[in-house]
Amino acid sequence: MKCNVPAFVVFHFCVGFCFTTANINLNLGSDSVVWTVNNKNGSITIPGTVPGGIYSDLHKAGVIGDILAGFNDVLTRWVAYDTWTYTGHFPVTAEQLAPDVAHLVFHGLDTVAFIELNDSPIGTANNMFVRYVFDVKEYLKAGVNKLKITFQSPVEAAKQRSDKHFTLPACVPDIYNGECHANQIRKMQASFAWDWGPAFPSVGIWKPVIIEFYNGAIIRTVTTHTEKKNGEWKLNIVAYLESSKVIKQLDGYLSAKLSLEGHQEVKLGKDVNLATRDDGSVEVELNITISENVVRLWWPNGYGDQPLYDLNIFFTTRGNENNVSRKNLRVGFRTLELVQVDASTKLGNNTIGGEGLVFYFDINGYPLFMKGSNWIPADILPERGYNKTTVNSLLTAARDAHMSMLRVWGGGVYESDYFYERCDELGILIWQDFLFACAMYPADTEFLENVKIEIEQNVIRLQHHPSIAVWAGNNENEGALRGNWYNTQSQFEKYKEEYIKLYVETMRPIVENFDLDNREYLVSSPSNGLESELEGYIAENPSDPHYGDVHYYNYFADNWDINIYPKTRFGSEYGFQSWPSLATTKTATQDPNDLRLDSEYSKHRQHSPNGNYYISQQIERHLKLDESDTKHYEKFVFYSQISQAMAIKTESEYYRQNQYEWYTMGALYWQLNDVWQAPSWSGIEYGGKWKMLHYYAKWFFAPVLISPRLLLTGDVDVYLLNDRFVPIIDAQIIVDTFNWSSLTLIKSESYPANAQSLSSSKQNFSLSMWNVDTDEIFLRFTLKSEGVSSSPYNFIFPKPLKSVRGLRVPHITIRVSDPTQEINGKQFYYPVDVHVDTVVLFLWLEATGITGQFEDNGFIVTNPYVRTHFITQKRISIKELEHSITYQYYVN
């Protein structure tokens, strides 16, 4: 692209960088660029895709089938053991070669690679998460050029490093059907298999490739810092300029333009005349001061709006005034602090009480309860995980379930720019793990130097996003070392020293140096936060509920019982498994013999040791399921989703109840999404279909909710949860008592209720389940309050559902009407009216063969009529939709 513009004139067609000479985009689909890929012995030569990966290319060429079908995760494992070479041919003109600088930029190479240009070696790569820039001025020629990248087998590369620097654990459990030594290479750790996913140790050019031609310098990245003081916002900007290592002095002009409310603009610039580093780079700082009245605050989802402001930064090289490098960002103005102070400290008008330290996020001066989940990669193949449609669908689903935070888990990838941009727009705060998970990691010099580049590049890339809330050094490694998960006890001091060298001495200073917003760096998750540091970074009990964050799983207890859960400061992981729906499973196998729990297929897909046993135990505690039933598998799948939804609902509400006096201030369940069609902890299946859990999350994360707690004594405490900035005054909590056999109320009582803003308020009444036939009745709770538009029903089931008396088989009719709402001609809301003649438990609707989803699902039906909507992307026949809808429900 040719750009010939003055420094302060912006053209919308000029995205990213503008130079007088066009860059060369080496991605597939670019003009005159041809890629092929072949294996080591030359027996396979196929077209290559950039960005892409070897599994995707082999599938596209028909060499292998659908990698997620059947047993293909192991049947295609030979791919990961071979050496693959990507070769690209592209033309370069003499005009393009004229500028002083020619840089070949790989934004992502997966993972261990040797790079040649026109048969000359130019460099190597060994980190999937790093941007590689090579000065190729001397290697390029006018005419056709050849770029060759040879990828070593990641399995072999990991083994070779392990032979030199062995670090526990060696391999994943056998039930994972995975590979060994993932901790030795800087690659997505989950690509070697996890308890929720398959092993696909891919290789490839998984992010874009470009050759940059320019004179002078370009803006590579920008960091920002916003600070509110004395009625003004200070916006600090640091531009990271990049040039050739042969250029020792940069001379030019750096400027910035910030677009504000009402078409206002702030412009600022400064002359640059600085010596460069050995690699030709330099940093330049700009500072903008604006009145707080000309910007609006950025808030997390559910607490306010998410205004974002365009920030454009330009660099003009002296003597080449038509050479303009530009970087575009969108910034949000908000304050954020992770508060960890003594729990007995008086905060505002509240005294927290109890031992330990509080742990909560203060946003714009308010202590906000974080509701959300954990994000794993959107796909097991990293290049597919960056798909914007998939990412947007998942993030929008999180937004729609009232989530305000997602934890990007440490065994995946640093997500795409688009991911963080959408989080900025949707108001979803990000707890960002660095990519170290469930292992001890090497601390040799080569490994640490590799990690330094990774952490620096990714902190600088992500730092400006208002959605980034906190950094965590790793996932569960403090707990793993203290808990001797990998038999490290005999070498505890050795592994502790390496742990501190990596996460504290190497990574932490980089984060503190490059994150201008001074976000908290937690050495591990979970950890006791500041208390872990006081205990030498490996606490005696890294999951002490009085400090920091906790990961809590208890598969042996009754997960529907609210009394089993710990009163923790912040629940950053908790969950329970379920199986995917039949519709999703059938995208992986069409063999009816596979649709049994004891089939080889089902055993292959269940990676969690004893996973089906734990699911069965939870089902048997509450639901009646006969193994001799001819539809046992179908019911098991459905009941597993019921059990998962109820377990996570129970634990999430318990944490929300404990927001009382700011004790517990976060609930992020494990996990949001899936990477294949298999049993997992997800609330959304691979392909985007919502499980019952995600529908329930819309209810248990609702801004206003009546949340009852059935105590072991048989009494019921009632909490009014209010995640709004306005109090609830003079409301009424309605408690309805039902018999299982009828929609007619036995009795209805109302109780006065009040709640402060941003609070959990235990109400001054409690109910007793004694002196009633608790196997015949249940309670329904709702709120009536002026100014509260909605508050979901909530329920208490005094006895396990398998033991209740009177539950009848319902008669159900369903009617569909014309769409009541249309959004931009892209989404259509079809009213779906369900009529019943008795209480129905967990009514689950399916629209077979039609793309779309229900607005709500999994109902506890206590009224003769309930309405939901079916949401589609196109108009469909009412009769077609009505005839497609089937349903399931629980009955004894």
# chains A, B, ... in the order shown; residues from 1 in each chain; ligands from 1
>>> select_by_dssp(residues="range 812-872 of chain A", states="strand (DSSP E or B)", output="ChimeraX atom specification")
/A:812-816,821-823,827-836,840-847,853-854,859-861,865-872
>>> closest_atom_pairs(of="range 325-365 of chain A", to="range 204-222 of chain A", cutoff="12 Å", atoms="only C-alpha atoms", output="JSON lines")
{"residue": "A:Ser325", "atom": "CA", "partner": "A:Ile218", "partner_atom": "CA", "distance": 5.2}
{"residue": "A:Arg326", "atom": "CA", "partner": "A:Ile219", "partner_atom": "CA", "distance": 6.6}
{"residue": "A:Lys327", "atom": "CA", "partner": "A:Ile219", "partner_atom": "CA", "distance": 6.6}
{"residue": "A:Asn328", "atom": "CA", "partner": "A:Val222", "partner_atom": "CA", "distance": 9.1}
{"residue": "A:Leu329", "atom": "CA", "partner": "A:Val222", "partner_atom": "CA", "distance": 8.3}
{"residue": "A:Arg330", "atom": "CA", "partner": "A:Val222", "partner_atom": "CA", "distance": 11.2}
{"residue": "A:Val331", "atom": "CA", "partner": "A:Val222", "partner_atom": "CA", "distance": 11.4}
>>> residues_around(residues="range 102-109 of chain A", least_positions_apart="6", cutoff="10 Å", atoms="only C-alpha atoms", output="VMD selection string")
chain A and resid 23 to 26 51 to 53 96 117 122 124 to 140 149 151 187 203 to 215 243 to 244 383
>>> select_by_dssp(residues="range 134-265 of chain A", states="helix (DSSP H, G or I)", output="VMD selection string")
chain A and resid 154 to 164 174 to 176 182 to 184 189 to 191 261 to 263
>>> residues_around(residues="range 266-283 of chain A", least_positions_apart="3", cutoff="7 Å", atoms="only C-alpha atoms", output="ChimeraX atom specification")
/A:238-259
>>> residues_around(residues="Gly332 in chain A", least_positions_apart="4", cutoff="6 Å", atoms="only C-alpha atoms", output="list in words")
Trp298, Leu308 and Pro466 of chain A
>>> write_last_selection(atoms="N, CA and C atoms", output="PDB file, in the first residue's frame")
ATOM      1  N   TRP A 298     -15.026   3.907  32.071  1.00  0.00           N
ATOM      2  CA  TRP A 298     -15.198   2.540  31.559  1.00  0.00           C
ATOM      3  C   TRP A 298     -15.546   1.635  32.740  1.00  0.00           C
ATOM      4  N   LEU A 308     -14.975   3.841  24.768  1.00  0.00           N
ATOM      5  CA  LEU A 308     -13.587   3.697  24.341  1.00  0.00           C
ATOM      6  C   LEU A 308     -13.252   4.858  23.410  1.00  0.00           C
ATOM      7  N   PRO A 466      -8.142  -1.719  28.686  1.00  0.00           N
ATOM      8  CA  PRO A 466      -8.782  -1.514  29.991  1.00  0.00           C
ATOM      9  C   PRO A 466      -9.337  -2.811  30.573  1.00  0.00           C
TER      10      PRO A 466
END
>>> residues_around(residues="range 870-884 of chain A", least_positions_apart="6", cutoff="10 Å", atoms="only C-alpha atoms", output="ChimeraX atom specification")
/A:814-819,821-823,825-832,845-856
>>> residues_around(residues="range 551-559 of chain A", least_positions_apart="2", cutoff="6 Å", atoms="only C-alpha atoms", output="PDB file with all heavy atoms, in the first residue's frame")
ATOM      1  N   ASP A 561     -25.364 -29.462  47.806  1.00  0.00           N
ATOM      2  CA  ASP A 561     -25.500 -29.033  49.201  1.00  0.00           C
ATOM      3  C   ASP A 561     -24.648 -27.793  49.428  1.00  0.00           C
ATOM      4  O   ASP A 561     -23.419 -27.846  49.381  1.00  0.00           O
ATOM      5  CB  ASP A 561     -25.064 -30.165  50.131  1.00  0.00           C
ATOM      6  CG  ASP A 561     -25.193 -29.803  51.600  1.00  0.00           C
ATOM      7  OD1 ASP A 561     -25.643 -28.678  51.925  1.00  0.00           O
ATOM      8  OD2 ASP A 561     -24.839 -30.652  52.444  1.00  0.00           O
ATOM      9  N   SER A 572     -11.575 -18.527  42.120  1.00  0.00           N
ATOM     10  CA  SER A 572     -11.121 -18.323  40.743  1.00  0.00           C
ATOM     11  C   SER A 572     -11.213 -19.588  39.896  1.00  0.00           C
ATOM     12  O   SER A 572     -10.991 -19.526  38.685  1.00  0.00           O
ATOM     13  CB  SER A 572      -9.684 -17.782  40.724  1.00  0.00           C
ATOM     14  OG  SER A 572      -8.805 -18.650  41.398  1.00  0.00           O
ATOM     15  N   GLU A 573     -11.521 -20.730  40.520  1.00  0.00           N
ATOM     16  CA  GLU A 573     -11.792 -21.969  39.787  1.00  0.00           C
ATOM     17  C   GLU A 573     -12.636 -22.875  40.656  1.00  0.00           C
ATOM     18  O   GLU A 573     -12.336 -23.067  41.835  1.00  0.00           O
ATOM     19  CB  GLU A 573     -10.493 -22.719  39.446  1.00  0.00           C
ATOM     20  CG  GLU A 573     -10.012 -22.596  38.032  1.00  0.00           C
ATOM     21  CD  GLU A 573      -9.003 -23.683  37.679  1.00  0.00           C
ATOM     22  OE1 GLU A 573      -9.262 -24.875  37.978  1.00  0.00           O
ATOM     23  OE2 GLU A 573      -7.964 -23.346  37.093  1.00  0.00           O
ATOM     24  N   TYR A 574     -13.679 -23.440  40.072  1.00  0.00           N
ATOM     25  CA  TYR A 574     -14.464 -24.486  40.692  1.00  0.00           C
ATOM     26  C   TYR A 574     -15.370 -25.044  39.617  1.00  0.00           C
ATOM     27  O   TYR A 574     -15.727 -24.335  38.667  1.00  0.00           O
ATOM     28  CB  TYR A 574     -15.288 -23.959  41.875  1.00  0.00           C
ATOM     29  CG  TYR A 574     -16.222 -22.812  41.544  1.00  0.00           C
ATOM     30  CD1 TYR A 574     -17.569 -23.029  41.254  1.00  0.00           C
ATOM     31  CD2 TYR A 574     -15.760 -21.493  41.517  1.00  0.00           C
ATOM     32  CE1 TYR A 574     -18.420 -21.982  40.951  1.00  0.00           C
ATOM     33  CE2 TYR A 574     -16.605 -20.440  41.217  1.00  0.00           C
ATOM     34  CZ  TYR A 574     -17.934 -20.689  40.929  1.00  0.00           C
ATOM     35  OH  TYR A 574     -18.779 -19.641  40.615  1.00  0.00           O
ATOM     36  N   TYR A 614     -17.705 -40.108  39.226  1.00  0.00           N
ATOM     37  CA  TYR A 614     -18.085 -38.925  39.996  1.00  0.00           C
ATOM     38  C   TYR A 614     -19.417 -38.357  39.500  1.00  0.00           C
ATOM     39  O   TYR A 614     -20.263 -37.928  40.291  1.00  0.00           O
ATOM     40  CB  TYR A 614     -16.998 -37.860  39.901  1.00  0.00           C
ATOM     41  CG  TYR A 614     -15.679 -38.261  40.508  1.00  0.00           C
ATOM     42  CD1 TYR A 614     -14.480 -37.982  39.853  1.00  0.00           C
ATOM     43  CD2 TYR A 614     -15.613 -38.924  41.729  1.00  0.00           C
ATOM     44  CE1 TYR A 614     -13.259 -38.350  40.401  1.00  0.00           C
ATOM     45  CE2 TYR A 614     -14.405 -39.299  42.284  1.00  0.00           C
ATOM     46  CZ  TYR A 614     -13.222 -39.006  41.612  1.00  0.00           C
ATOM     47  OH  TYR A 614     -12.025 -39.377  42.156  1.00  0.00           O
ATOM     48  N   ALA A 647     -24.971 -27.969  40.582  1.00  0.00           N
ATOM     49  CA  ALA A 647     -23.783 -27.878  41.428  1.00  0.00           C
ATOM     50  C   ALA A 647     -23.129 -26.505  41.315  1.00  0.00           C
ATOM     51  O   ALA A 647     -22.801 -25.864  42.327  1.00  0.00           O
ATOM     52  CB  ALA A 647     -22.789 -28.976  41.043  1.00  0.00           C
TER      53      ALA A 647
END
>>> closest_residue(among="A:Ala142, A:Cys423, A:Val704, A:Val834", to="Asn392 in chain A", atoms="only C-alpha atoms")
A:Cys423
>>> atom_distance(atom1="CA of Phe166 in chain A", atom2="CA of Thr488 in chain A")
12.4 Å
